[in-house]
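S.K.: You'll find entry_24.cif just under this line, and it carries mmCIF, C-alpha atoms.
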```cif
data_data
loop_
_atom_site.label_atom_id
_atom_site.label_comp_id
_atom_site.auth_asym_id
_atom_site.auth_seq_id
_atom_site.Cartn_x
_atom_site.Cartn_y
_atom_site.Cartn_z
CA MET A 1 0.00 0.00 0.00
CA SER A 2 1.66 3.20 -1.11
CA ILE A 3 0.12 6.62 -1.32
CA ASN A 4 1.36 8.70 -4.22
CA LEU A 5 2.06 12.24 -3.12
CA LEU A 6 3.67 13.34 -6.38
CA HIS A 7 0.52 14.83 -7.87
CA ARG A 8 -0.03 16.95 -4.78
CA HIS A 9 1.69 20.27 -4.44
CA VAL A 10 3.90 20.36 -1.38
CA LEU A 11 1.97 23.32 0.03
CA GLU A 12 -1.45 21.87 -0.82
CA ASP A 13 -2.39 21.19 2.79
CA TYR A 14 -1.04 24.49 4.03
CA ILE A 15 -3.14 26.42 1.48
CA SER A 16 -6.39 24.48 1.37
CA GLY A 17 -6.35 22.97 4.87
CA PHE A 18 -5.34 19.55 6.06
CA GLU A 19 -7.43 16.59 4.98
CA THR A 20 -10.12 15.50 7.38
CA ASP A 21 -11.28 12.36 5.55
CA PRO A 22 -9.45 9.42 7.07
CA ASN A 23 -6.70 7.93 4.93
CA PRO A 24 -5.55 4.32 5.44
CA ASN A 25 -3.11 5.70 8.00
CA HIS A 26 -5.18 7.54 10.58
CA VAL A 27 -4.94 8.78 14.17
CA ALA A 28 -8.23 8.77 16.03
CA VAL A 29 -8.43 10.69 19.33
CA SER A 30 -11.07 9.68 21.86
CA ARG A 31 -13.03 12.64 23.20
CA ARG A 32 -14.04 11.09 26.52
CA PRO A 33 -12.11 7.94 27.37
CA VAL A 34 -12.33 6.50 30.86
CA ILE A 35 -8.82 5.93 32.21
CA PHE A 36 -8.06 4.85 35.77
CA SER A 37 -4.63 4.45 37.29
CA VAL A 38 -4.36 1.44 39.63
CA LEU A 39 -1.57 0.72 42.11
CA ALA A 40 -1.21 -2.53 44.03
CA HIS A 41 -0.16 -2.44 47.67
CA ARG A 42 3.10 -4.16 48.60
CA GLY A 43 2.76 -7.93 48.44
CA GLN A 44 -0.62 -7.73 46.67
CA GLU A 45 0.74 -7.35 43.11
CA THR A 46 -0.16 -10.82 41.80
CA ALA A 47 -3.62 -10.89 43.40
CA VAL A 48 -4.49 -7.43 42.06
CA ALA A 49 -3.18 -8.29 38.57
CA GLU A 50 -5.36 -11.41 38.49
CA ALA A 51 -8.44 -9.52 39.69
CA LEU A 52 -7.88 -6.79 37.10
CA GLY A 53 -7.37 -9.33 34.34
CA SER A 54 -10.76 -10.91 34.98
CA ALA A 55 -12.68 -7.59 35.03
CA HIS A 56 -15.20 -7.21 32.19
CA GLY A 57 -15.69 -4.21 29.89
CA VAL A 58 -12.29 -2.72 30.64
CA VAL A 59 -8.87 -3.07 29.04
CA LEU A 60 -5.76 -3.45 31.17
CA ARG A 61 -2.55 -1.58 30.30
CA PHE A 62 0.71 -2.60 31.96
CA CYS A 63 2.85 0.19 33.44
CA SER A 64 5.02 -1.53 36.05
CA PRO A 65 4.81 -4.68 38.22
CA SER A 66 2.53 -2.84 40.63
CA GLU A 67 0.89 -0.24 38.40
CA TRP A 68 -1.66 -0.46 35.60
CA LEU A 69 -3.97 1.75 33.58
CA LEU A 70 -7.56 0.63 33.16
CA VAL A 71 -9.15 1.90 29.96
CA SER A 72 -12.78 1.72 28.94
CA ARG A 73 -14.65 3.17 25.99
CA THR A 74 -18.00 1.72 26.98
CA ALA A 75 -18.29 1.73 30.78
CA GLY A 76 -18.68 5.02 32.65
CA PRO A 77 -16.28 6.21 35.37
CA ALA A 78 -18.71 5.20 38.13
CA THR A 79 -18.87 1.62 36.83
CA VAL A 80 -15.09 1.31 36.61
CA ALA A 81 -14.68 2.80 40.09
CA GLY A 82 -17.20 0.23 41.32
CA ILE A 83 -15.19 -2.64 39.83
CA LEU A 84 -11.97 -1.29 41.36
CA SER A 85 -13.33 -0.68 44.84
CA ASP A 86 -14.19 -4.39 45.04
CA ILE A 87 -10.53 -5.36 44.58
CA ALA A 88 -8.65 -5.74 47.87
CA GLY A 89 -5.13 -4.35 48.15
CA ALA A 90 -5.43 -1.81 45.33
CA SER A 91 -5.53 1.97 45.25
CA PHE A 92 -6.93 3.77 42.23
CA ALA A 93 -7.45 7.25 40.84
CA ASP A 94 -9.59 8.53 37.98
CA GLN A 95 -7.16 9.85 35.37
CA SER A 96 -9.72 10.37 32.59
CA ASP A 97 -9.18 14.15 32.53
CA GLY A 98 -5.42 13.84 32.90
CA ARG A 99 -4.66 11.49 30.01
CA VAL A 100 -5.27 11.56 26.27
CA LEU A 101 -6.03 8.37 24.35
CA MET A 102 -4.98 8.18 20.69
CA THR A 103 -5.45 5.21 18.35
CA ILE A 104 -3.15 5.01 15.34
CA SER A 105 -3.89 2.48 12.63
CA GLY A 106 -2.94 1.75 9.06
CA PRO A 107 -0.55 -0.25 6.91
CA SER A 108 2.42 2.06 7.62
CA VAL A 109 1.83 2.29 11.35
CA ARG A 110 5.08 0.55 12.31
CA ASN A 111 7.12 2.81 10.03
CA ILE A 112 5.53 5.86 11.62
CA LEU A 113 5.91 4.63 15.20
CA GLY A 114 9.46 3.54 14.45
CA LYS A 115 10.33 7.24 14.35
CA CYS A 116 8.49 7.94 17.60
CA VAL A 117 9.66 5.18 19.92
CA ALA A 118 12.99 3.38 20.40
CA VAL A 119 11.36 0.03 21.16
CA ASP A 120 11.05 -2.95 18.81
CA LEU A 121 7.38 -3.14 17.74
CA HIS A 122 7.69 -6.33 15.67
CA PRO A 123 4.68 -8.58 16.38
CA GLU A 124 6.99 -11.34 17.65
CA VAL A 125 8.36 -9.00 20.30
CA PHE A 126 5.47 -6.61 20.88
CA ALA A 127 2.48 -8.90 20.38
CA GLU A 128 -1.18 -8.05 20.29
CA ASP A 129 -2.62 -6.92 23.66
CA TYR A 130 0.93 -6.22 24.86
CA SER A 131 1.42 -2.82 26.47
CA ALA A 132 4.25 -0.95 28.17
CA ASN A 133 5.36 2.49 29.23
CA MET A 134 7.94 4.02 26.93
CA LEU A 135 9.32 7.27 25.63
CA PHE A 136 7.04 8.33 22.76
CA CYS A 137 8.12 11.50 20.90
CA HIS A 138 10.10 12.51 24.03
CA VAL A 139 7.03 12.00 26.24
CA ALA A 140 6.61 9.18 28.78
CA ALA A 141 3.57 7.37 27.38
CA ASN A 142 1.83 4.03 27.52
CA VAL A 143 1.83 2.25 24.16
CA ALA A 144 -0.31 -0.82 23.51
CA ARG A 145 -0.89 -2.98 20.46
CA SER A 146 -4.62 -3.53 20.02
CA GLY A 147 -4.47 -5.12 16.56
CA PRO A 148 -1.99 -6.23 13.88
CA ASP A 149 -1.77 -2.65 12.56
CA THR A 150 -3.36 -0.75 15.42
CA PHE A 151 -1.70 0.85 18.43
CA GLU A 152 -3.19 2.78 21.32
CA ILE A 153 -1.16 5.54 22.92
CA ILE A 154 -1.94 7.17 26.26
CA VAL A 155 -0.09 10.41 26.96
CA PRO A 156 -0.35 12.91 29.82
CA ARG A 157 -2.73 15.74 29.00
CA SER A 158 -0.16 18.53 29.37
CA LEU A 159 2.20 16.89 26.84
CA ALA A 160 -0.46 15.60 24.45
CA GLY A 161 -0.20 18.61 22.10
CA SER A 162 3.54 18.17 21.65
CA ALA A 163 3.35 14.39 21.18
CA PHE A 164 0.43 14.71 18.77
CA GLU A 165 2.17 17.32 16.61
CA GLU A 166 5.32 15.23 16.43
CA LEU A 167 3.30 12.10 15.58
CA LEU A 168 1.60 13.93 12.68
CA GLU A 169 4.97 15.18 11.48
CA MET A 170 6.35 11.64 11.50
CA GLY A 171 3.28 10.37 9.66
CA ARG A 172 3.34 13.08 7.01
CA GLU A 173 5.26 10.98 4.48
CA HIS A 174 2.60 8.28 4.88
CA ALA A 175 -0.28 10.79 4.50
CA LEU A 176 -1.36 10.28 8.10
CA THR A 177 -4.72 11.93 8.81
CA ARG A 178 -6.24 12.77 12.18
CA GLY A 179 -9.65 13.20 13.70
CA PHE A 180 -11.81 12.50 16.71
CA SER A 181 -13.15 8.97 16.94
CA ASP A 182 -16.50 9.97 18.45
CA MET B 1 27.71 4.86 28.38
CA ALA B 2 25.81 1.70 27.59
CA SER B 3 23.06 2.64 25.15
CA LEU B 4 20.66 -0.28 25.59
CA ILE B 5 19.54 -1.38 29.02
CA THR B 6 17.39 -4.48 29.41
CA CYS B 7 14.91 -3.54 32.10
CA PRO B 8 13.63 -6.66 33.95
CA HIS B 9 10.08 -5.32 33.66
CA CYS B 10 10.03 -3.57 30.27
CA GLY B 11 12.68 -5.24 28.08
CA ALA B 12 15.43 -3.57 26.03
CA ARG B 13 15.21 0.20 26.31
CA PRO B 14 17.37 3.15 25.22
CA LYS B 15 19.38 4.93 27.90
CA GLU B 16 17.38 8.13 27.31
CA GLU B 17 14.52 6.57 29.28
CA PHE B 18 16.64 6.35 32.44
CA SER B 19 18.22 8.70 34.91
CA VAL B 20 21.35 7.61 36.75
CA ARG B 21 21.76 8.19 40.47
CA GLY B 22 25.15 6.72 41.35
CA ALA B 23 26.97 3.81 42.89
CA ALA B 24 24.77 1.08 44.35
CA MET B 25 27.36 -0.72 46.48
CA PRO B 26 27.90 1.74 49.37
CA ALA B 27 25.43 0.73 52.07
CA ARG B 28 23.48 3.58 53.65
CA PRO B 29 24.45 3.96 57.33
CA SER B 30 21.80 3.79 60.02
CA PRO B 31 20.28 7.16 61.02
CA MET B 32 22.10 7.00 64.36
CA ALA B 33 25.50 6.21 62.83
CA LYS B 34 28.48 8.41 63.66
CA ASP B 35 29.19 11.54 61.59
CA GLU B 36 32.31 9.88 60.19
CA ALA B 37 30.23 7.05 58.72
CA TRP B 38 27.81 9.52 57.12
CA HIS B 39 30.65 11.68 55.84
CA ALA B 40 32.22 8.62 54.21
CA TYR B 41 28.88 7.57 52.72
CA VAL B 42 27.97 11.00 51.33
CA TYR B 43 31.32 12.41 50.22
CA ILE B 44 33.98 9.75 49.95
CA ARG B 45 33.18 7.72 46.88
CA ASP B 46 35.34 5.63 44.59
CA ASN B 47 35.54 6.51 40.93
CA PRO B 48 36.33 3.06 39.57
CA LYS B 49 37.37 2.20 36.07
CA GLY B 50 35.77 -1.05 34.96
CA ARG B 51 32.94 -3.06 36.38
CA TYR B 52 30.54 -0.97 38.42
CA GLN B 53 27.07 -1.28 39.94
CA GLU B 54 24.88 1.74 39.67
CA TYR B 55 21.33 2.83 40.58
CA TRP B 56 19.33 3.68 37.47
CA HIS B 57 15.77 4.98 37.58
CA HIS B 58 13.55 3.89 34.69
CA ALA B 59 11.89 7.30 34.62
CA ALA B 60 10.03 6.96 31.30
CA GLY B 61 9.10 3.30 31.74
CA CYS B 62 8.09 1.32 34.80
CA ARG B 63 9.43 4.05 37.15
CA ARG B 64 11.24 1.40 39.20
CA TRP B 65 14.75 1.79 40.61
CA LEU B 66 17.10 -0.69 38.99
CA VAL B 67 20.68 -1.74 39.67
CA VAL B 68 22.70 -1.87 36.45
CA ASP B 69 25.88 -3.94 36.60
CA ARG B 70 28.03 -2.52 33.83
CA ASP B 71 31.57 -1.83 32.75
CA ASN B 72 32.18 1.88 32.35
CA LEU B 73 35.21 1.23 30.15
CA THR B 74 33.87 -1.27 27.61
CA HIS B 75 30.16 -0.32 27.97
CA ASP B 76 29.21 -3.97 28.53
CA VAL B 77 26.10 -4.55 30.63
CA PHE B 78 26.35 -7.71 32.74
CA GLY B 79 22.96 -7.62 34.38
CA VAL B 80 20.05 -5.47 35.45
CA THR B 81 18.06 -6.19 38.60
CA ASP B 82 15.25 -4.44 40.40
CA ALA B 83 16.70 -2.42 43.28
CA ALA B 84 14.30 -4.07 45.73
CA ASP B 85 15.64 -7.51 44.75
CA PHE B 86 19.20 -6.20 44.91
CA VAL B 87 18.78 -4.96 48.48
CA GLN B 88 17.05 -8.22 49.46
CA ALA B 89 19.86 -10.29 47.91
CA ARG B 90 22.48 -8.24 49.73
CA GLY B 91 20.73 -9.05 53.00
CA ILE B 92 20.00 -6.90 55.99
CA GLU B 93 23.11 -4.98 56.97
#
```
Before we go any further, please render this structure as structure tokens.
M.R.:
Amino acid sequence: MSINLLHRHVLEDYISGFETDPNPNHVAVSRRPVIFSVLAHRGQETAVAEALGSAHGVVLRFCSPSEWLLVSRTAGPATVAGILSDIAGASFADQSDGRVLMTISGPSVRNILGKCVAVDLHPEVFAEDYSANMLFCHVAANVARSGPDTFEIIVPRSLAGSAFEELLEMGREHALTRGFSD
Amino acid sequence: MASLITCPHCGARPKEEFSVRGAAMPARPSPMAKDEAWHAYVYIRDNPKGRYQEYWHHAAGCRRWLVVDRDNLTHDVFGVTDAADFVQARGIE
């Protein structure tokens, strides 16, 4: 899959505005994701990880052996807080307003992310549903693979503008488009 | 400086994700220890050439303190352990 940019003038986007129709390579930003940060108390790490893994309607993102992010696009914050308060030995905080969730997908996604992170994203190393904290465009972010060509990136709110601009810049040669997902 | 550090929790990561604190071997004296012991711990440090154990903080990753066993001459990394495990392995002093 290659997108021919030769017929486009280099200043096309600057003069007539950036494209808003999604191209094959697209970044979708969630307007209102539900993101909770969860910390396990000392000695409770395994029990909390197991309890979180069996929770329904939420996706678990690994940060460290005793820290996770819980993401949901369907359940409301009250529901997620209810799930978490039932887990013994865990402390949690609603980070929905403090984090930004971006989903990048497309055939060139690994080429684009290869310029943003210094971590091997080959499917044999970074498999589906795998997630980790890493430096993403000079910002400490959580990167997860949610599909063969789909990655979800969670960045702190105050650095989201910088990371987003750099991501678009890196995706420019692959005609990366952006938009809200909802 | 070694450019790739294999974090026990996150895997191989570039050194830019870490911040280095300093030597891991000197044991912290007890709060009631004599001034001489604290002076030695705070100010009198070796500057070895060769194999060296250092505290590294994985600031942009798992945010855990690690102990990196590396050679500051050849840049070889011999092992990376979580600082909690390192202290436990060293025993109560």
S.K.: Which of these residues is nearest to chain A, using all atoms listed in the file: B:Trp56, B:Trp65, B:Tyr43, B:Trp38?
M.R.: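 Result for the nearest residue to chain A: B:Trp65.
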S.K.: Could you list the residues in chain B lying within 9 Å of chain A, using all atoms listed in the file, and format the result as a PDB file with C-alpha atoms, keeping the file's coordinate frame?
M.R.:
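After the write, result25.pdb holds the following:
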```pdb
ATOM      1  CA  HIS B   9      10.080  -5.320  33.660  1.00  0.00           C
ATOM      2  CA  CYS B  10      10.030  -3.570  30.270  1.00  0.00           C
ATOM      3  CA  GLY B  11      12.680  -5.240  28.080  1.00  0.00           C
ATOM      4  CA  ALA B  12      15.430  -3.570  26.030  1.00  0.00           C
ATOM      5  CA  ARG B  13      15.210   0.200  26.310  1.00  0.00           C
ATOM      6  CA  PRO B  14      17.370   3.150  25.220  1.00  0.00           C
ATOM      7  CA  GLU B  16      17.380   8.130  27.310  1.00  0.00           C
ATOM      8  CA  GLU B  17      14.520   6.570  29.280  1.00  0.00           C
ATOM      9  CA  ALA B  59      11.890   7.300  34.620  1.00  0.00           C
ATOM     10  CA  ALA B  60      10.030   6.960  31.300  1.00  0.00           C
ATOM     11  CA  GLY B  61       9.100   3.300  31.740  1.00  0.00           C
ATOM     12  CA  CYS B  62       8.090   1.320  34.800  1.00  0.00           C
ATOM     13  CA  ARG B  63       9.430   4.050  37.150  1.00  0.00           C
ATOM     14  CA  ARG B  64      11.240   1.400  39.200  1.00  0.00           C
TER      15      ARG B  64
END
```
S.K.: Determine, counting only C-alpha atoms, every residue of protein, DNA or RNA that lies within 12 Å of (-18.7, 6.4, 34.2) in the file coordinates, then give the result as a ChimeraX atom specification.
M.R.: /A:32-36,57-58,71-83,94,96
S.K.: Quick one: residues within 8 Å of Phe92 of chain A, only C-alpha atoms, excluding same-chain residues fewer than 2 positions away - as JSON, numbers by chain?
M.R.: {"A": [36, 37, 38, 39, 84, 90, 94]}
S.K.: Could you expand the PyMOL selection byres ((chain A and resi 179) around 6) into the explicit residues it covers here, written as a VMD selection string?
M.R.: chain A and resid 28 178 180
S.K.: Work out how far apart atom CA of Glu165 of chain A and atom CA of Asn111 of chain A are and give it in Å to one decimal.
M.R.: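 Distance between the two atoms: 16.7 Å.
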S.K.: Which is closest to Cys7 of chain B among B:His75, B:His57, B:Arg21, B:Arg70, if we use only C-alpha atoms?
M.R.: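 Using only C-alpha atoms, Cys7 of chain B sits closest to B:His57.
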S.K.: Can you spell out as a list in words the set of residues that the PyMOL selection byres ((chain B and resi 29) around 12) selects in the structure I just provided?
M.R.: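 When the PyMOL selection byres ((chain B and resi 29) around 12) is applied, the selected residues are Pro26, Ala27, Arg28, Ser30, Pro31, Met32, Ala33, Lys34, Asp35, Glu36, Ala37, Trp38, His39, Ala40, Tyr41, Val42, Ile92 and Glu93 of chain B.
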S.K.: Would you write out those residues with C-alpha atoms, as a PDB file, in the frame of the given file?
M.R.:
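New file selection.pdb:
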```pdb
ATOM      1  CA  PRO B  26      27.900   1.740  49.370  1.00  0.00           C
ATOM      2  CA  ALA B  27      25.430   0.730  52.070  1.00  0.00           C
ATOM      3  CA  ARG B  28      23.480   3.580  53.650  1.00  0.00           C
ATOM      4  CA  SER B  30      21.800   3.790  60.020  1.00  0.00           C
ATOM      5  CA  PRO B  31      20.280   7.160  61.020  1.00  0.00           C
ATOM      6  CA  MET B  32      22.100   7.000  64.360  1.00  0.00           C
ATOM      7  CA  ALA B  33      25.500   6.210  62.830  1.00  0.00           C
ATOM      8  CA  LYS B  34      28.480   8.410  63.660  1.00  0.00           C
ATOM      9  CA  ASP B  35      29.190  11.540  61.590  1.00  0.00           C
ATOM     10  CA  GLU B  36      32.310   9.880  60.190  1.00  0.00           C
ATOM     11  CA  ALA B  37      30.230   7.050  58.720  1.00  0.00           C
ATOM     12  CA  TRP B  38      27.810   9.520  57.120  1.00  0.00           C
ATOM     13  CA  HIS B  39      30.650  11.680  55.840  1.00  0.00           C
ATOM     14  CA  ALA B  40      32.220   8.620  54.210  1.00  0.00           C
ATOM     15  CA  TYR B  41      28.880   7.570  52.720  1.00  0.00           C
ATOM     16  CA  VAL B  42      27.970  11.000  51.330  1.00  0.00           C
ATOM     17  CA  ILE B  92      20.000  -6.900  55.990  1.00  0.00           C
ATOM     18  CA  GLU B  93      23.110  -4.980  56.970  1.00  0.00           C
TER      19      GLU B  93
END
```
S.K.: For Phe151 of chain A, which residue among A:Glu173, A:Glu128, A:Glu166, A:Glu50 is the nearest when counting all atoms listed in the file?
M.R.: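 Answer, going by the shortest atom-to-atom distance: A:Glu128.
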S.K.: For a test of reading the model, state the distance in Å between atom CA of Arg45 of chain B and atom CA of Thr6 of chain B, rounded to one decimal.
M.R.: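 Going from atom CA of Arg45 of chain B over to atom CA of Thr6 of chain B covers 26.5 Å.
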S.K.: Closest to Asp69 of chain B among B:Val20, B:Val87, B:Thr81, B:Ile44, using all atoms listed in the file?
M.R.: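 Smallest separation from Asp69 of chain B among the options: B:Thr81.
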S.K.: Nearest to Gly114 of chain A: which of A:Asp86, A:Leu167, A:Met102, A:His41 is it, counting only C-alpha atoms?
M.R.: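 Residue with the minimum atom-to-atom distance to Gly114 of chain A: A:Leu167.
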